[in-house]
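The structure appears below as structure tokens.
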2 protein chains.
Amino acid sequence: MTSSPATAEIRFVLVTIAHIRDLAQHDRFADASDDVVDAVLEGAGEFASGVWGPINGIGDTVGAQWTDDGVVMPDGYASAYQAYVEGGWGTIGVPVEHGGQGLPFVLQTAVLELLGTANTGFALCPTLTVGAIEALVHHGSADQQALYLPQLATGAWTGTMNLTEPQPGSDVGALRAQAFPRGDGTWSIKGTKIYISFGDHDMAENIVHLVLARTPNAPPGTRGISLFLVPKFRLDAAGKPAEPNDVKVVSIEHKLGLHASPTCVLSFGDHDDCIGELIGPEHGGMRAMFTMMNNARLNVGLQGVQIGEAATRKAVSYALERVQSARAGAADRTPARIADHPDVRRMLMRMSAQTQAARALVYYAAVQVDLAALGDEEAQDRLEILTPLAKAHATDLGNEIASIGVQVHGGMGYVEETGAAQLFRDARITPIYEGTNGIQAADLVGRKLGLSNGKAFEALLTDLRTTAKAAPLTELIYHCEDIGRRLTGANADDRLAASYPFLTMLSVAVCGWLMEQQHSAATDDDFGQVKKATAAFYLDQIVPEAIGLAAAASAPADQLYAIDPALLLA
Amino acid sequence: MTSSPATAEIRFVLVTIAHIRDLAQHDRFADASDDVVDAVLEGAGEFASGVWGPINGIGDTVGAQWTDDGVVMPDGYASAYQAYVEGGWGTIGVPVEHGGQGLPFVLQTAVLELLGTANTGFALCPTLTVGAIEALVHHGSADQQALYLPQLATGAWTGTMNLTEPQPGSDVGALRAQAFPRGDGTWSIKGTKIYISFGDHDMAENIVHLVLARTPNAPPGTRGISLFLVPKFRLDAAGKPAEPNDVKVVSIEHKLGLHASPTCVLSFGDHDDCIGELIGPEHGGMRAMFTMMNNARLNVGLQGVQIGEAATRKAVSYALERVQSARAGAADRTPARIADHPDVRRMLMRMSAQTQAARALVYYAAVQVDLAALGDEEAQDRLEILTPLAKAHATDLGNEIASIGVQVHGGMGYVEETGAAQLFRDARITPIYEGTNGIQAADLVGRKLGLSNGKAFEALLTDLRTTAKAAPLTELIYHCEDIGRRLTGANADDRLAASYPFLTMLSVAVCGWLMEQQHSAATDDDFGQVKKATAAFYLDQIVPEAIGLAAAASAPADQLYAIDPALLLA
């Protein structure tokens, strides 16, 4: 059932959407030549399907296990991880001065996609390490960068993000973990963090926990939060992992899916001996956290692409092999492969089109990271407005596609052995973590619509409006512009009540625009034929669905607050 | 987290949608007085939440287990099932002459809803028994009825449906199980059946398998299929279960959810000693099967309602208790219960509105069974056109609602302990079994649009058109009428390519029409306030989404067949 990864499609998106050849014109990304891009995609694709894919099943059925000595990964994971480190796959996007290859973020995105399509849960581990690297690159001291970045770049050490606590949940400003100065420049950390992905495991020499905590007398809310680096093993004078730090894995969650990824409850400083270092200035934690969180959000959106791709391939393979019933209305009464029955064909086209749309959206956002790094201020605005779309819409699509994938398999889809159900289970966390999709929608209407005095939104809509051609797409863009302007002036309740349907509409508008660009760029070879067909399907059939959301995106909050929600239990 | 069941809502739907008081004017249903209806709802609600609800968790975590001696149910199931038998809950809708109470099918539907909201997997057992009862009531001989119906009515014996075989899958006409005459009027059955829900268990004295098989020299396809009754234990001269029949449980499936329901592979006649009786005439199997299947389809649609109701209650309860973040834009910076955040409120309203819509649709279809039984021919037509909508759309909604339920719980929703994830897993089979939703859509455009020379469809649309008031609803109905007429004249490929979006549009049109009727009937008490709010939400925000499907429901098949689907793997 395993088939070759989507390297041709990824290459096409890198060229036509991310314009990676333009990036390669800049000194900074001069290494990103066609040859290098091809070699990276081919190598990563082979590695992912050859080494990480085969252990995806055991990752689900056995899963990461909690023991008194910490988390133990299933058989084969430690060596597959070591092969990843040795292959240098973690170093793609890390700056050369920190031990990386300095290639574009969008190419690193492509590598992560290939890894995650083979094994989504496992790929979350390097995804988090990328976040830790970003935080240290932008906010770490020279010493911290020298000590930690080369190890994180290769993945010899892995990274974690520690935001959530039991009571405050997503309300980061209410967190309670504490940090006390120890007098020698280091800090003593105390508190409990939950939902820490890869908070512990047995695959790497060290784990670098990035932990949000409050210092004594810090102001309340998010303004009083600082970011700390807390290694699992403290470093000795030579910079090698030595004594264990006072960090305990209390338990791991029994989850719906993503079983290869241990979701840990971590207790810091049970014995008042958890030593951490401040990253960036005291009370500067939120800014540092946003650095890692924003890219992490794109990478969670990318999980939607990973799952969409894996589910589509599995469903197409099954539908080509499974023979059942003659085709309705056909003279030939021989049973046909189910891929030839119209409604199954519709499901396969939808899965492909939605996967391509999600990929285009995420890669379009990802390349803005590279453009912003080159000093393009408009790209920074574009990145910020695209981030909630990429995170929320691509993960929504991952769930939709995985669910259709189960459906294509019929009864076999509900039986765990097929693997379609695993993708359906794995996908369901992605709209929740890294800021729920509701929080993404709130970010879109609360911060991003008004970003740069509304110019970020206007610039995006101008690009869409002036180049989109298909009639439904033009109509959708009109609605997005109209509703977006109204929401900008609306009160908080009305804005938030409309936020989710508006986010979906705007996401589909951007996806439609990107699919149309790909349609124009497609040639007449097999790949181009597929691209034209899926893009046409998207523009003709999926874009109009989003227009149907205009009523919900225009409805005032009154309708939601007409009744006491407790009455819904009556 | 358990709260009282939705008896007030069910009573309202029975009165305003099913018009149960009109039914009670007929001699046949004279017992269905308000008092009896109230007593049944209250009693079933208490029984379901008091006895079946508490063992839902163990049903999921331990599940039904296969052993050499057959399937063993989790602790507590046998006694809870016995309490169901003794309470007489199985007898509600069975005709008095066969040992039942002769109450309306739609009231039996209400009882099954309450049982399934407490424990969906468990309630599948009586659901299947209802199907076996229907087949015997309509097609069994007097002897068969006398021997089997009283036991099936109480549930002392349970029933199964055996259609699917490993190779043909949903293509019933291609099944291979065989039946050979034994010369004494009985038949020797041989073959393997898969996906047999409650194909074995240890809760009842006997299991009555209804099995489709071919007799020697039967014509090919569905015209050559006969239905057989195959008891797990043969009856002795006194009609008591005695010797075991030659039926073996080969295995049970390891499924995504519905773990309390054993999904069996059954082997009939391994030792050429499986004795069965013909039900109805030889080669009359499909007709008998459709009798049980049609009502089973309504009851699977009802599972969408069950899961929707359970998920909504769980999410509302959680959102009322969970306090997190101050409300955006509010002067008061105290953290609020999440139910008061606009996007969470939107999710809760959507869950409630969709659950109510699914319930109205299924009950509206269910009461047509009663009206048809009273001789109303238009009701028979209405039932046939509503059946694919009730099965497919209500199960789609059950999945949507369960998924939103996970989302409302945030990270906790992904942790299995909460129970939200179980509902999400349990729901996923419902669009697949009892005819996939794609098969329902094919049934709608292939058979039902043309039923009674198209009069069944025209009559439904006339009812909708002449009484609907809300503007979006009127527009949606217009599209349904227009597209439905075009599809009636279209070729098979175009009809099927459009079938699924068209089914959704027509379902939402019927649901909107039923929600509008409820809005009109609602008074100003608390219940009426909720009903008006959810109905308004449905009409204003959900109905327009379905209009967005018009493009897909109007698209020709060409777009799907533009490429070889094998190229989607390139």
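If you're wondering about the labels, chains in the structure tokens are A, B, ... by order shown, residues count from 1 in each chain, ligands from 1 in order shown.
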
Report task. Considering only C-alpha atoms, extract the chain B residues located within 6 Å of chain A and return them as a list in words. Result ->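 The answer, sorted by residue number, is Asp171, His254, Lys255, Leu256, Ser325, Gly329, Pro342, Asp343, Gly410, Tyr414, Val415, Glu416, Ile432, Ala492, Leu496, Ala497, Gln541, Pro544, Glu545, Gly548, Leu549, Ala551 and Ala552 of chain B.
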
Create the file for the chosen residues now, containing N, CA and C atoms and written as a PDB file, in the first residue's frame.
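The file below, result-v4.pdb, is the result:
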```pdb
ATOM      1  N   ASP B 171     -21.856  -5.410  -2.771  1.00  0.00           N
ATOM      2  CA  ASP B 171     -22.520  -5.896  -3.982  1.00  0.00           C
ATOM      3  C   ASP B 171     -23.255  -7.187  -3.649  1.00  0.00           C
ATOM      4  N   HIS B 254     -10.987  -5.831  14.998  1.00  0.00           N
ATOM      5  CA  HIS B 254     -10.387  -4.817  15.868  1.00  0.00           C
ATOM      6  C   HIS B 254     -10.720  -3.470  15.247  1.00  0.00           C
ATOM      7  N   LYS B 255     -11.700  -2.796  15.821  1.00  0.00           N
ATOM      8  CA  LYS B 255     -12.273  -1.630  15.159  1.00  0.00           C
ATOM      9  C   LYS B 255     -11.865  -0.300  15.808  1.00  0.00           C
ATOM     10  N   LEU B 256     -12.048   0.759  15.025  1.00  0.00           N
ATOM     11  CA  LEU B 256     -11.833   2.133  15.498  1.00  0.00           C
ATOM     12  C   LEU B 256     -12.692   2.448  16.722  1.00  0.00           C
ATOM     13  N   SER B 325      -9.738  32.258  30.506  1.00  0.00           N
ATOM     14  CA  SER B 325      -9.567  33.556  29.822  1.00  0.00           C
ATOM     15  C   SER B 325     -10.779  34.469  30.017  1.00  0.00           C
ATOM     16  N   GLY B 329     -12.917  41.890  24.786  1.00  0.00           N
ATOM     17  CA  GLY B 329     -13.699  43.118  24.679  1.00  0.00           C
ATOM     18  C   GLY B 329     -14.523  43.450  25.905  1.00  0.00           C
ATOM     19  N   PRO B 342     -17.423  33.614  22.314  1.00  0.00           N
ATOM     20  CA  PRO B 342     -18.305  33.520  21.139  1.00  0.00           C
ATOM     21  C   PRO B 342     -18.094  32.284  20.267  1.00  0.00           C
ATOM     22  N   ASP B 343     -16.848  31.930  19.985  1.00  0.00           N
ATOM     23  CA  ASP B 343     -16.670  30.814  19.062  1.00  0.00           C
ATOM     24  C   ASP B 343     -17.051  29.482  19.706  1.00  0.00           C
ATOM     25  N   GLY B 410     -11.053  20.894  23.826  1.00  0.00           N
ATOM     26  CA  GLY B 410      -9.639  21.245  23.694  1.00  0.00           C
ATOM     27  C   GLY B 410      -8.759  20.008  23.870  1.00  0.00           C
ATOM     28  N   TYR B 414      -8.855  15.133  23.260  1.00  0.00           N
ATOM     29  CA  TYR B 414      -8.008  14.143  22.586  1.00  0.00           C
ATOM     30  C   TYR B 414      -7.566  13.045  23.552  1.00  0.00           C
ATOM     31  N   VAL B 415      -7.772  13.279  24.834  1.00  0.00           N
ATOM     32  CA  VAL B 415      -7.426  12.285  25.850  1.00  0.00           C
ATOM     33  C   VAL B 415      -8.644  11.386  26.030  1.00  0.00           C
ATOM     34  N   GLU B 416      -8.431  10.085  25.970  1.00  0.00           N
ATOM     35  CA  GLU B 416      -9.565   9.166  25.924  1.00  0.00           C
ATOM     36  C   GLU B 416     -10.453   9.220  27.171  1.00  0.00           C
ATOM     37  N   ILE B 432     -20.920   4.263   7.047  1.00  0.00           N
ATOM     38  CA  ILE B 432     -20.419   3.135   6.245  1.00  0.00           C
ATOM     39  C   ILE B 432     -21.411   1.971   6.244  1.00  0.00           C
ATOM     40  N   ALA B 492     -26.586   8.152 -16.153  1.00  0.00           N
ATOM     41  CA  ALA B 492     -26.218   7.567 -14.855  1.00  0.00           C
ATOM     42  C   ALA B 492     -24.976   8.230 -14.259  1.00  0.00           C
ATOM     43  N   LEU B 496     -24.965  10.224 -10.733  1.00  0.00           N
ATOM     44  CA  LEU B 496     -24.191   9.730  -9.585  1.00  0.00           C
ATOM     45  C   LEU B 496     -23.096  10.711  -9.161  1.00  0.00           C
ATOM     46  N   ALA B 497     -22.519  11.392 -10.134  1.00  0.00           N
ATOM     47  CA  ALA B 497     -21.472  12.366  -9.797  1.00  0.00           C
ATOM     48  C   ALA B 497     -22.035  13.462  -8.886  1.00  0.00           C
ATOM     49  N   GLN B 541     -27.919  30.210   9.393  1.00  0.00           N
ATOM     50  CA  GLN B 541     -26.492  29.942   9.221  1.00  0.00           C
ATOM     51  C   GLN B 541     -26.186  28.606   8.553  1.00  0.00           C
ATOM     52  N   PRO B 544     -27.870  28.247   4.464  1.00  0.00           N
ATOM     53  CA  PRO B 544     -27.084  28.853   3.363  1.00  0.00           C
ATOM     54  C   PRO B 544     -25.868  28.031   2.960  1.00  0.00           C
ATOM     55  N   GLU B 545     -25.282  27.297   3.916  1.00  0.00           N
ATOM     56  CA  GLU B 545     -24.136  26.452   3.548  1.00  0.00           C
ATOM     57  C   GLU B 545     -24.526  25.440   2.478  1.00  0.00           C
ATOM     58  N   GLY B 548     -24.474  26.506  -0.987  1.00  0.00           N
ATOM     59  CA  GLY B 548     -23.118  26.484  -1.543  1.00  0.00           C
ATOM     60  C   GLY B 548     -22.757  25.175  -2.223  1.00  0.00           C
ATOM     61  N   LEU B 549     -23.600  24.139  -2.046  1.00  0.00           N
ATOM     62  CA  LEU B 549     -23.338  22.856  -2.703  1.00  0.00           C
ATOM     63  C   LEU B 549     -23.953  22.767  -4.090  1.00  0.00           C
ATOM     64  N   ALA B 551     -23.318  24.158  -6.868  1.00  0.00           N
ATOM     65  CA  ALA B 551     -22.380  24.012  -7.987  1.00  0.00           C
ATOM     66  C   ALA B 551     -21.934  22.560  -8.125  1.00  0.00           C
ATOM     67  N   ALA B 552     -21.580  21.927  -7.010  1.00  0.00           N
ATOM     68  CA  ALA B 552     -21.127  20.534  -7.068  1.00  0.00           C
ATOM     69  C   ALA B 552     -22.263  19.609  -7.502  1.00  0.00           C
TER      70      ALA B 552
END
```

**Report entry** Residues within 8 Å of Ile275 of chain A, only C-alpha atoms, excluding chain neighbours under 2 positions, as a ChimeraX atom specification
**Finding:** /A:186-189,230,245-246,273,277

Query raised in the report: Hey, what's within 9 Å of Arg382 of chain A if we count only C-alpha atoms and toss same-chain stuff fewer than 6 positions away? As a list in words, please?
Result: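 Counting only the stated atoms, we get Ala365, Gln368, Ala456, Phe457, Ala459 and Leu460 of chain A.
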
Query raised in the report: Which polymer residues have any atom within 6 Å of an atom of segment 58-71 of chain A, counting only C-alpha atoms, with same-chain residues fewer than 2 positions away left out, as a VMD selection string?
Result: chain A and resid 55 to 56 73 to 74 200 to 201 259 to 260 262

Query raised in the report: Skipping near chain neighbours, those fewer than 3 positions away, what residues fall within 12 Å of Pro95 of chain A using only C-alpha atoms, listed as a ChimeraX atom specification?
Result: /A:28-29,90-92,98-105,108,130,133-134,136-138,145,149-150,152-154,370,373
